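Novice: Got a structure for you, written out below as structure tokens; questions coming shortly.
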Amino acid sequence: MHEFKNFINGEFVTTASGKTFENRNPVDNSLLGLVHEAGQPEVDAAVKAAKAAMQGPWGKMTQAQRIALLDKVANRINERFDEFLDAECKDTGKPHKIASHIDIPRGAANFKAFSETLANHPTEAFKLDTPDGRGALNYGHRTPKGVIAVISPWNLPLLLMTWKVGPALACGNTVVVKPSEETPATATLLGEVMNECGVPKGVYNVVHGFGPDSAGAYLTEHPGVNAITFTGETRTGEIIMRAASVGLRNISLECGGKNPGIVFADCDMDKAIEGTMRSAFVNCGQVCLGTERVYVERPIFDEFVQRLKEGVEKLKLGVPEDPEVDFGPLVSQEHKEKVLSYYRLAVEEGATVVTGGGVPEMGDALNAGAWVEPTIWTGLPDDARVVREEVFGPCCHIRPFDTEEEVIELANDTKYGLSAAIWTENSARASRVAEAMEVGICWVNSWFLRDLRTAFGGAKESGIGREGGVHGLEFYTELKNVCIKL
Ligand SMILES: NC(=O)c1ccc[n+]([C@@H]2O[C@H](COP(=O)([O-])OP(=O)(O)OC[C@H]3O[C@@H](n4cnc5c(N)ncnc54)[C@H](O)[C@@H]3O)[C@@H](O)[C@H]2O)c1
Ligand SMILES: N/C(=C\C=C\C=O)C(=O)O
């Protein structure tokens, strides 16, 4: 039986309690192995190891030495690409076609990108004139925050965990990672890579478990943690924010969304269809930036709905290793039940089911998997729960609109503020509508096109803070001003 162990102070360890939980493959619900659930002793050991590592060789490294080491980690992830691919796709059920182009390459890129950014980022300095004419020199001096707790979700496990670990380590911190209970594999495998690359013990630690009364809560409540970066549901973000308030620990929260896609009649229809197909259905709709609300200008509404339906019905459902497959299962039986409850609710709320709405017949070997049909709805009122609540599945609701003012109001009418996608060939309209979106990220004629130097984060209930490029510096370092009288 495969075991997913905690990784503490450079060693793979089980837990004092002996508690384990099952990790299952969502493709067919087969057992992948047992995960060792970290208790308070293990979380305490991980935080202490991370703290000690700050005082060891890691804390004495120059930025150039750290960056060289993290480059080795990125290169080693690429060398072990197939192992990371296999581990990620077994944990999530996502097609190789997706993970090999998004998840695993970004696992490596997240280390390289922040190293390059930091190596070239200037330090601020100001010359102050003083009455004696000699002046004073002010300069900013950044130091690591210390031990960073990284709490990550199950939808893009390696990508979203390294999106935090990369900058945290590049800035000289150490980390304790608590990956989602649904997806322990790649965070555990990264522990092997850290050892292979000579990253000092205690710099990177992994504790497995759940949230409440488990490793997640133990970690966020641990007084030895200096800051917490979290990606997950908004409600969970609120709980973690409360935990972080004790001892005034800084937080970075990347939470839920109910993202609009706005399709104007003057769009390039092929681009809009291709982009909306991806934004609504890639990764089985389990992407926080995904489009669950589509607004289409009335003159092209019928054509758009018909063409998106045709696109959805061409999606190939199947096992991850099939290179033709572009649509896998949801991450778990539990999430499947949640998404199916919204499929039922949509019909109760009066939706027209354009396509999907149920469970596909996958054959005996796979029917026990977390499979649902990709689904399109029309005809729901704007206050329908399916239009207001994040489903986080392969589904979207399409609604016609008549004016720019109307669609801006519709798009912004949500407690979330993560992303938006706008499809128009009119550049003036593109920037006008994009700037009116109450979100952290707005794509025009594109979706999930990522420049890692840009600010990433959510507005309103989609998050707090911005990471990416130099924006993460404020979170991952303490900035001191030094003033020298000349
Ligand atoms: N904004 C973004 O960048 C982004 C990216 C990916 C996913 N998400 C959001 O994440 C959600 C899906 O992920 P999920 O189901 O894993 O979210 P979740 O909030 O259920 O869990 C996220 C992580 O938090 C941990 N956790 C749960 N309760 C906790 C607690 N009380 N204390 C400490 N840790 C706790 C979980 O074990 C997991 O590791 C969706 O809402 C999605 O929109 C947002
Ligand atoms: N944070 C990022 C993606 C988030 C995806 C949400 O599911 C990224 O691309 O850096």
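Residues are referred to by chain and number: the chain letter is A, B, ... according to the order shown in the structure tokens, the number counts from 1 in that chain, and ligands are numbered separately from 1 in the order shown.
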List all protein, DNA and RNA residues that have an atom no more than 8 Å from any atom of ligand 2, counting only C-alpha atoms and all ligand atoms, and report them as a ChimeraX atom specification.
Specialist: /A:155-156,159-160,163,254,286-290,448,450,452,456-457,468
Novice: The selected residues should be written to file as a tab-separated table (two decimals), in the first residue's frame (atoms: all heavy atoms).
Specialist:
chain	number	residue	atom	x	y	z
A	155	ASN	N	-7.38	22.03	-6.71
A	155	ASN	CA	-7.70	22.07	-8.14
A	155	ASN	C	-6.48	22.13	-9.05
A	155	ASN	O	-6.46	21.54	-10.13
A	155	ASN	CB	-8.68	23.21	-8.43
A	155	ASN	CG	-8.09	24.56	-8.10
A	155	ASN	OD1	-7.48	24.76	-7.06
A	155	ASN	ND2	-8.27	25.51	-9.01
A	156	LEU	N	-5.46	22.89	-8.62
A	156	LEU	CA	-4.18	22.92	-9.35
A	156	LEU	C	-3.10	22.72	-8.30
A	156	LEU	O	-2.36	23.66	-7.96
A	156	LEU	CB	-4.02	24.27	-10.07
A	156	LEU	CG	-5.13	24.71	-11.01
A	156	LEU	CD1	-4.94	26.15	-11.45
A	156	LEU	CD2	-5.23	23.81	-12.24
A	159	LEU	N	0.76	23.62	-9.05
A	159	LEU	CA	0.85	25.01	-9.53
A	159	LEU	C	0.59	25.99	-8.38
A	159	LEU	O	1.38	26.92	-8.15
A	159	LEU	CB	-0.17	25.23	-10.66
A	159	LEU	CG	-0.14	26.55	-11.40
A	159	LEU	CD1	-0.76	26.39	-12.79
A	159	LEU	CD2	-0.83	27.68	-10.67
A	160	LEU	N	-0.49	25.75	-7.64
A	160	LEU	CA	-0.89	26.74	-6.64
A	160	LEU	C	-0.05	26.67	-5.38
A	160	LEU	O	0.09	27.67	-4.67
A	160	LEU	CB	-2.37	26.59	-6.32
A	160	LEU	CG	-3.26	27.07	-7.48
A	160	LEU	CD1	-4.69	26.66	-7.27
A	160	LEU	CD2	-3.15	28.56	-7.65
A	163	TRP	N	3.25	28.34	-6.47
A	163	TRP	CA	2.97	29.77	-6.68
A	163	TRP	C	3.23	30.53	-5.39
A	163	TRP	O	3.52	31.72	-5.39
A	163	TRP	CB	1.52	29.91	-7.13
A	163	TRP	CG	0.97	31.28	-7.24
A	163	TRP	CD1	-0.07	31.80	-6.52
A	163	TRP	CD2	1.38	32.34	-8.13
A	163	TRP	NE1	-0.33	33.10	-6.91
A	163	TRP	CE2	0.54	33.45	-7.89
A	163	TRP	CE3	2.37	32.45	-9.09
A	163	TRP	CZ2	0.67	34.65	-8.59
A	163	TRP	CZ3	2.50	33.65	-9.79
A	163	TRP	CH2	1.65	34.73	-9.53
A	254	GLU	N	-6.29	34.11	-1.44
A	254	GLU	CA	-6.77	33.98	-2.82
A	254	GLU	C	-7.97	33.03	-2.78
A	254	GLU	O	-7.80	31.84	-2.55
A	254	GLU	CB	-5.65	33.48	-3.73
A	254	GLU	CG	-4.49	34.46	-3.77
A	254	GLU	CD	-3.39	34.09	-4.76
A	254	GLU	OE1	-3.38	32.98	-5.28
A	254	GLU	OE2	-2.55	34.97	-5.03
A	286	GLN	N	-12.93	23.32	-12.75
A	286	GLN	CA	-12.40	23.54	-11.39
A	286	GLN	C	-11.22	24.49	-11.40
A	286	GLN	O	-10.10	24.15	-11.04
A	286	GLN	CB	-11.99	22.20	-10.78
A	286	GLN	CG	-13.15	21.23	-10.67
A	286	GLN	CD	-12.69	19.81	-10.39
A	286	GLN	OE1	-13.10	19.17	-9.44
A	286	GLN	NE2	-11.81	19.30	-11.22
A	287	VAL	N	-11.49	25.70	-11.93
A	287	VAL	CA	-10.47	26.74	-11.93
A	287	VAL	C	-11.12	28.00	-11.36
A	287	VAL	O	-12.19	28.41	-11.80
A	287	VAL	CB	-9.95	27.04	-13.36
A	287	VAL	CG1	-8.87	28.12	-13.33
A	287	VAL	CG2	-9.40	25.77	-13.99
A	288	CYS	N	-10.47	28.60	-10.36
A	288	CYS	CA	-11.08	29.74	-9.65
A	288	CYS	C	-11.36	30.89	-10.60
A	288	CYS	O	-12.26	31.69	-10.38
A	288	CYS	CB	-10.15	30.22	-8.56
A	288	CYS	SG	-8.58	30.79	-9.23
A	289	LEU	N	-10.55	30.98	-11.67
A	289	LEU	CA	-10.67	32.09	-12.62
A	289	LEU	C	-11.70	31.78	-13.70
A	289	LEU	O	-11.92	32.60	-14.60
A	289	LEU	CB	-9.31	32.33	-13.28
A	289	LEU	CG	-8.17	32.67	-12.32
A	289	LEU	CD1	-6.82	32.30	-12.93
A	289	LEU	CD2	-8.21	34.12	-11.93
A	290	GLY	N	-12.31	30.62	-13.64
A	290	GLY	CA	-13.21	30.15	-14.70
A	290	GLY	C	-14.47	30.98	-14.81
A	290	GLY	O	-14.88	31.67	-13.88
A	448	PHE	N	-6.77	33.16	-18.94
A	448	PHE	CA	-5.70	32.41	-18.29
A	448	PHE	C	-4.38	32.55	-19.05
A	448	PHE	O	-3.54	31.65	-19.05
A	448	PHE	CB	-6.07	30.94	-18.12
A	448	PHE	CG	-5.35	30.30	-16.96
A	448	PHE	CD1	-5.59	30.68	-15.66
A	448	PHE	CD2	-4.40	29.29	-17.16
A	448	PHE	CE1	-4.92	30.10	-14.59
A	448	PHE	CE2	-3.72	28.70	-16.10
A	448	PHE	CZ	-3.99	29.11	-14.81
A	450	ARG	N	-1.04	34.00	-18.73
A	450	ARG	CA	-0.43	34.44	-17.51
A	450	ARG	C	0.98	34.95	-17.67
A	450	ARG	O	1.83	34.22	-18.18
A	450	ARG	CB	-0.43	33.28	-16.49
A	450	ARG	CG	-1.80	32.88	-16.01
A	450	ARG	CD	-2.32	33.81	-14.91
A	450	ARG	NE	-1.59	33.69	-13.67
A	450	ARG	CZ	-0.87	34.67	-13.14
A	450	ARG	NH1	-0.74	35.81	-13.77
A	450	ARG	NH2	-0.24	34.49	-11.99
A	452	LEU	N	3.79	36.05	-15.23
A	452	LEU	CA	4.01	35.89	-13.77
A	452	LEU	C	4.58	37.14	-13.13
A	452	LEU	O	4.73	37.18	-11.90
A	452	LEU	CB	4.89	34.67	-13.52
A	452	LEU	CG	4.37	33.35	-14.10
A	452	LEU	CD1	5.19	32.18	-13.61
A	452	LEU	CD2	2.90	33.14	-13.81
A	456	PHE	N	-1.44	39.44	-9.16
A	456	PHE	CA	-2.49	38.41	-9.17
A	456	PHE	C	-3.20	38.41	-7.82
A	456	PHE	O	-2.56	38.33	-6.77
A	456	PHE	CB	-1.89	37.03	-9.42
A	456	PHE	CG	-2.94	35.97	-9.53
A	456	PHE	CD1	-3.39	35.55	-10.76
A	456	PHE	CD2	-3.50	35.41	-8.39
A	456	PHE	CE1	-4.38	34.58	-10.86
A	456	PHE	CE2	-4.50	34.45	-8.47
A	456	PHE	CZ	-4.93	34.03	-9.72
A	457	GLY	N	-4.52	38.50	-7.86
A	457	GLY	CA	-5.28	38.43	-6.62
A	457	GLY	C	-6.71	38.87	-6.86
A	457	GLY	O	-7.06	39.28	-7.95
A	468	GLY	N	2.64	37.68	-7.20
A	468	GLY	CA	3.10	37.73	-8.59
A	468	GLY	C	4.11	38.85	-8.75
A	468	GLY	O	3.93	39.94	-8.20
Novice: Within 8 Å of segment 373-375 of chain A, counting only C-alpha atoms, which residues qualify if same-chain residues fewer than 5 places away don't, as a short mmCIF file (atom, residue, chain, number, x, y, z; two decimals) with N, CA and C atoms, in the first residue's frame?
Specialist:
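Writing done, so here's selection.cif:
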data_model
loop_
_atom_site.label_atom_id
_atom_site.label_comp_id
_atom_site.auth_asym_id
_atom_site.auth_seq_id
_atom_site.Cartn_x
_atom_site.Cartn_y
_atom_site.Cartn_z
N PHE A 281 -14.84 25.12 -19.05
CA PHE A 281 -14.79 23.67 -18.96
C PHE A 281 -13.42 23.05 -18.73
N CYS A 284 -12.23 20.42 -15.81
CA CYS A 284 -13.59 20.07 -15.37
C CYS A 284 -14.24 21.24 -14.64
N VAL A 312 -19.05 21.93 -26.59
CA VAL A 312 -19.12 21.10 -25.39
C VAL A 312 -19.36 19.64 -25.76
N VAL A 353 -31.91 23.53 -19.89
CA VAL A 353 -30.64 22.80 -19.98
C VAL A 353 -30.29 22.65 -21.46
N VAL A 354 -29.35 23.44 -21.92
CA VAL A 354 -28.97 23.44 -23.34
C VAL A 354 -28.22 22.14 -23.67
N THR A 355 -27.36 21.71 -22.74
CA THR A 355 -26.67 20.43 -22.89
C THR A 355 -26.21 19.97 -21.51
N GLY A 356 -26.05 18.66 -21.33
CA GLY A 356 -25.52 18.12 -20.07
C GLY A 356 -26.56 18.06 -18.98
N GLY A 357 -26.12 18.32 -17.77
CA GLY A 357 -27.02 18.36 -16.61
C GLY A 357 -27.08 17.08 -15.81
N GLY A 358 -26.27 16.09 -16.21
CA GLY A 358 -26.36 14.82 -15.48
C GLY A 358 -25.02 14.14 -15.35
N VAL A 359 -25.04 12.81 -15.32
CA VAL A 359 -23.84 11.99 -15.14
C VAL A 359 -23.64 11.17 -16.42
N PRO A 360 -22.46 11.21 -17.01
CA PRO A 360 -22.25 10.46 -18.26
C PRO A 360 -22.10 8.96 -17.99
N PRO A 394 -18.02 22.00 -14.21
CA PRO A 394 -18.03 22.26 -15.67
C PRO A 394 -19.39 22.74 -16.15
N CYS A 395 -19.71 23.99 -15.81
CA CYS A 395 -21.05 24.48 -16.13
C CYS A 395 -21.02 25.99 -16.25
N CYS A 396 -21.92 26.51 -17.06
CA CYS A 396 -22.05 27.97 -17.14
C CYS A 396 -23.47 28.32 -17.55
#
Novice: As a count of residues only, please: every protein or nucleic acid residue near ligand 1 (cut-off 8 Å, counting only C-alpha atoms and all ligand atoms).
Specialist: 51
Novice: Could you go through segment 361-459 of chain A and tell me which residues DSSP, when run on the backbone, assigns to strand (DSSP E or B), listing them as a VMD selection string?
Specialist: chain A and resid 375 to 378 395 to 401 419 to 423 441 to 444 456
Novice: Rank nothing, just name the residue among A:His208, A:Arg307, A:Lys201, A:Arg106 nearest to His36 of chain A, using only C-alpha atoms.
Specialist: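 Smallest separation from His36 of chain A among the options: A:His208.
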Novice: Closest to Lys48 of chain A among A:Asn250, A:Asn259, A:Asn226, A:Ser431, using only C-alpha atoms?
Specialist: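 Residue with the minimum atom-to-atom distance to Lys48 of chain A: A:Asn226.
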Novice: Just the residues within 9 Å of segment 4-15 of chain A, please, counting only C-alpha atoms, with nothing from its chain fewer than 2 positions along; format it as a ChimeraX atom specification.
Specialist: /A:2,17-20,23,33-39,41-43,45-50,53,176,184-185,188,191-192,194-195,199-208
Novice: What would the file look like if the residues just selected were written as a compact mmCIF listing (two decimals), in the first residue's frame with C-alpha atoms?
Specialist:
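As a result, part-v2.txt now contains:
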# COMPACT_ATOMS: atom_id res chain seq x y z
CA HIS A 2 1.46 3.37 -1.02
CA SER A 17 -1.13 9.15 16.48
CA GLY A 18 -0.83 6.60 13.68
CA LYS A 19 -3.88 8.29 12.08
CA THR A 20 -4.15 7.93 8.30
CA ASN A 23 -6.40 9.02 -1.00
CA GLY A 33 -2.77 4.95 -0.83
CA LEU A 34 -2.94 6.08 2.77
CA VAL A 35 -2.03 9.60 3.89
CA HIS A 36 -0.42 10.11 7.31
CA GLU A 37 -2.48 12.80 9.05
CA ALA A 38 -0.22 15.22 10.91
CA GLY A 39 -1.30 16.06 14.45
CA PRO A 41 3.16 17.21 17.45
CA GLU A 42 4.03 16.94 13.77
CA VAL A 43 2.90 20.48 12.95
CA ALA A 45 7.98 19.81 14.72
CA ALA A 46 7.58 21.23 11.20
CA VAL A 47 7.28 24.83 12.40
CA LYS A 48 10.27 24.37 14.71
CA ALA A 49 12.33 22.85 11.86
CA ALA A 50 11.40 25.78 9.62
CA ALA A 53 16.50 26.45 9.24
CA VAL A 176 5.37 24.65 6.11
CA PRO A 184 -1.20 14.99 -1.23
CA ALA A 185 1.02 13.54 -3.95
CA THR A 188 5.15 15.12 -1.05
CA GLY A 191 10.18 16.98 -0.73
CA GLU A 192 12.32 14.44 -2.56
CA MET A 194 14.32 19.54 -2.28
CA ASN A 195 16.64 16.93 -0.77
CA VAL A 199 17.99 22.60 -0.13
CA PRO A 200 18.85 22.64 3.59
CA LYS A 201 16.67 20.55 5.90
CA GLY A 202 13.71 22.42 7.38
CA VAL A 203 13.42 24.96 4.56
CA TYR A 204 10.53 23.07 2.93
CA ASN A 205 8.16 21.04 5.11
CA VAL A 206 4.84 19.29 4.33
CA VAL A 207 2.15 18.33 6.85
CA HIS A 208 -0.88 16.41 5.61
Novice: Using only C-alpha atoms, can you tell me which of A:Leu128, A:Ala430, A:Ala384, A:Ala52 comes closest to Gly224 of chain A?
Specialist: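 Of A:Leu128, A:Ala430, A:Ala384, A:Ala52, the one nearest Gly224 of chain A is A:Ala52, counting only C-alpha atoms.
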Novice: In Å, rounded to a single decimal, give me how far atom CA of Lys127 of chain A is from atom CA of Asn481 of chain A.
Specialist: 12.4 Å
Novice: Listing only residues of segment 88-167 of chain A within 9 Å of segment 313-322 of chain A, what is the closest atom pair and its distance in Å (to one decimal) for each, using only C-alpha atoms, sorted by chain and residue number ascending, as a tab-separated table?
Specialist:
residue	atom	partner	partner_atom	distance
A:Cys89	CA	A:Pro320	CA	6.4
A:Lys90	CA	A:Pro320	CA	8.0
A:Gly93	CA	A:Pro320	CA	6.1
A:Lys94	CA	A:Pro320	CA	5.7
A:Pro95	CA	A:Pro320	CA	3.8
A:His96	CA	A:Pro320	CA	5.2
A:Lys97	CA	A:Pro320	CA	7.7
A:Ile98	CA	A:Pro320	CA	9.0
Novice: Put those residues in a file: N, CA and C atoms, as a PDB file, in the first residue's frame.
Specialist:
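Saved as part-v7.pdb:
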ATOM      1  N   CYS A  89      -2.018  13.672 -11.936  1.00  0.00           N
ATOM      2  CA  CYS A  89      -3.214  13.194 -12.650  1.00  0.00           C
ATOM      3  C   CYS A  89      -3.905  12.064 -11.898  1.00  0.00           C
ATOM      4  N   LYS A  90      -3.172  11.296 -11.136  1.00  0.00           N
ATOM      5  CA  LYS A  90      -3.816  10.263 -10.303  1.00  0.00           C
ATOM      6  C   LYS A  90      -4.589  10.932  -9.165  1.00  0.00           C
ATOM      7  N   GLY A  93      -7.373  13.363 -11.377  1.00  0.00           N
ATOM      8  CA  GLY A  93      -8.145  12.833 -12.514  1.00  0.00           C
ATOM      9  C   GLY A  93      -8.025  13.680 -13.754  1.00  0.00           C
ATOM     10  N   LYS A  94      -7.232  14.774 -13.661  1.00  0.00           N
ATOM     11  CA  LYS A  94      -7.175  15.689 -14.823  1.00  0.00           C
ATOM     12  C   LYS A  94      -6.397  15.044 -15.961  1.00  0.00           C
ATOM     13  N   PRO A  95      -6.765  15.380 -17.205  1.00  0.00           N
ATOM     14  CA  PRO A  95      -6.092  14.789 -18.361  1.00  0.00           C
ATOM     15  C   PRO A  95      -4.616  15.164 -18.417  1.00  0.00           C
ATOM     16  N   HIS A  96      -3.784  14.222 -18.855  1.00  0.00           N
ATOM     17  CA  HIS A  96      -2.368  14.506 -19.089  1.00  0.00           C
ATOM     18  C   HIS A  96      -2.229  15.713 -19.995  1.00  0.00           C
ATOM     19  N   LYS A  97      -3.147  15.804 -20.966  1.00  0.00           N
ATOM     20  CA  LYS A  97      -3.095  16.890 -21.969  1.00  0.00           C
ATOM     21  C   LYS A  97      -3.116  18.259 -21.283  1.00  0.00           C
ATOM     22  N   ILE A  98      -3.829  18.341 -20.149  1.00  0.00           N
ATOM     23  CA  ILE A  98      -3.910  19.618 -19.423  1.00  0.00           C
ATOM     24  C   ILE A  98      -2.723  19.765 -18.480  1.00  0.00           C
TER      25      ILE A  98
END
Novice: Excluding same-chain residues fewer than 2 positions from segment 129-146 of chain A, what lies within 12 Å of it counting only C-alpha atoms, as a PyMOL selection string?
Specialist: chain A and resi 47-55+58-63+118+121-127+148-149+167-176+203+224-228+249-251+472-486
Novice: Give me, as number ranges by chain, the residues of segment 98-346 of chain A that a backbone DSSP run labels helix (DSSP H, G or I).
Specialist: A: 98-99, 103-119, 157-170, 185-196, 215-220, 234-245, 269-285, 298-313, 333-346
Novice: With only C-alpha atoms as the atoms that count, which of A:Cys442, A:Leu410, A:Ala365, A:Ala244 lies nearest to Asp383 of chain A?
Specialist: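 The closest residue to Asp383 of chain A is A:Leu410.
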Novice: What lies within 9 Å of Ile262 of chain A using only C-alpha atoms, ignoring chain neighbours under 6 positions off, as an NGL selection string?
Specialist: :A and (293-297 or 407-408 or 411 or 420-424)
Novice: Mind dumping the selected residues with C-alpha atoms as a PDB file, in the first residue's frame?
Specialist:
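In the end it all went to result_17.pdb:
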ATOM      1  CA  ARG A 293     -21.620  33.483 -15.944  1.00  0.00           C
ATOM      2  CA  VAL A 294     -21.606  34.306 -19.668  1.00  0.00           C
ATOM      3  CA  TYR A 295     -23.271  37.486 -20.951  1.00  0.00           C
ATOM      4  CA  VAL A 296     -23.769  37.667 -24.739  1.00  0.00           C
ATOM      5  CA  GLU A 297     -24.978  40.688 -26.689  1.00  0.00           C
ATOM      6  CA  VAL A 407     -23.740  44.256 -18.849  1.00  0.00           C
ATOM      7  CA  ILE A 408     -21.234  46.115 -16.655  1.00  0.00           C
ATOM      8  CA  ALA A 411     -21.102  41.476 -14.349  1.00  0.00           C
ATOM      9  CA  ALA A 420     -13.459  38.657 -15.908  1.00  0.00           C
ATOM     10  CA  ALA A 421     -13.082  37.910 -19.623  1.00  0.00           C
ATOM     11  CA  ILE A 422     -14.193  40.376 -22.291  1.00  0.00           C
ATOM     12  CA  TRP A 423     -14.566  39.522 -25.989  1.00  0.00           C
ATOM     13  CA  THR A 424     -14.675  42.464 -28.383  1.00  0.00           C
TER      14      THR A 424
END
Novice: Provide the atom CA of Leu330 of chain A to atom CA of Ala99 of chain A distance in Å, to one decimal place.
Specialist: 14.4 Å
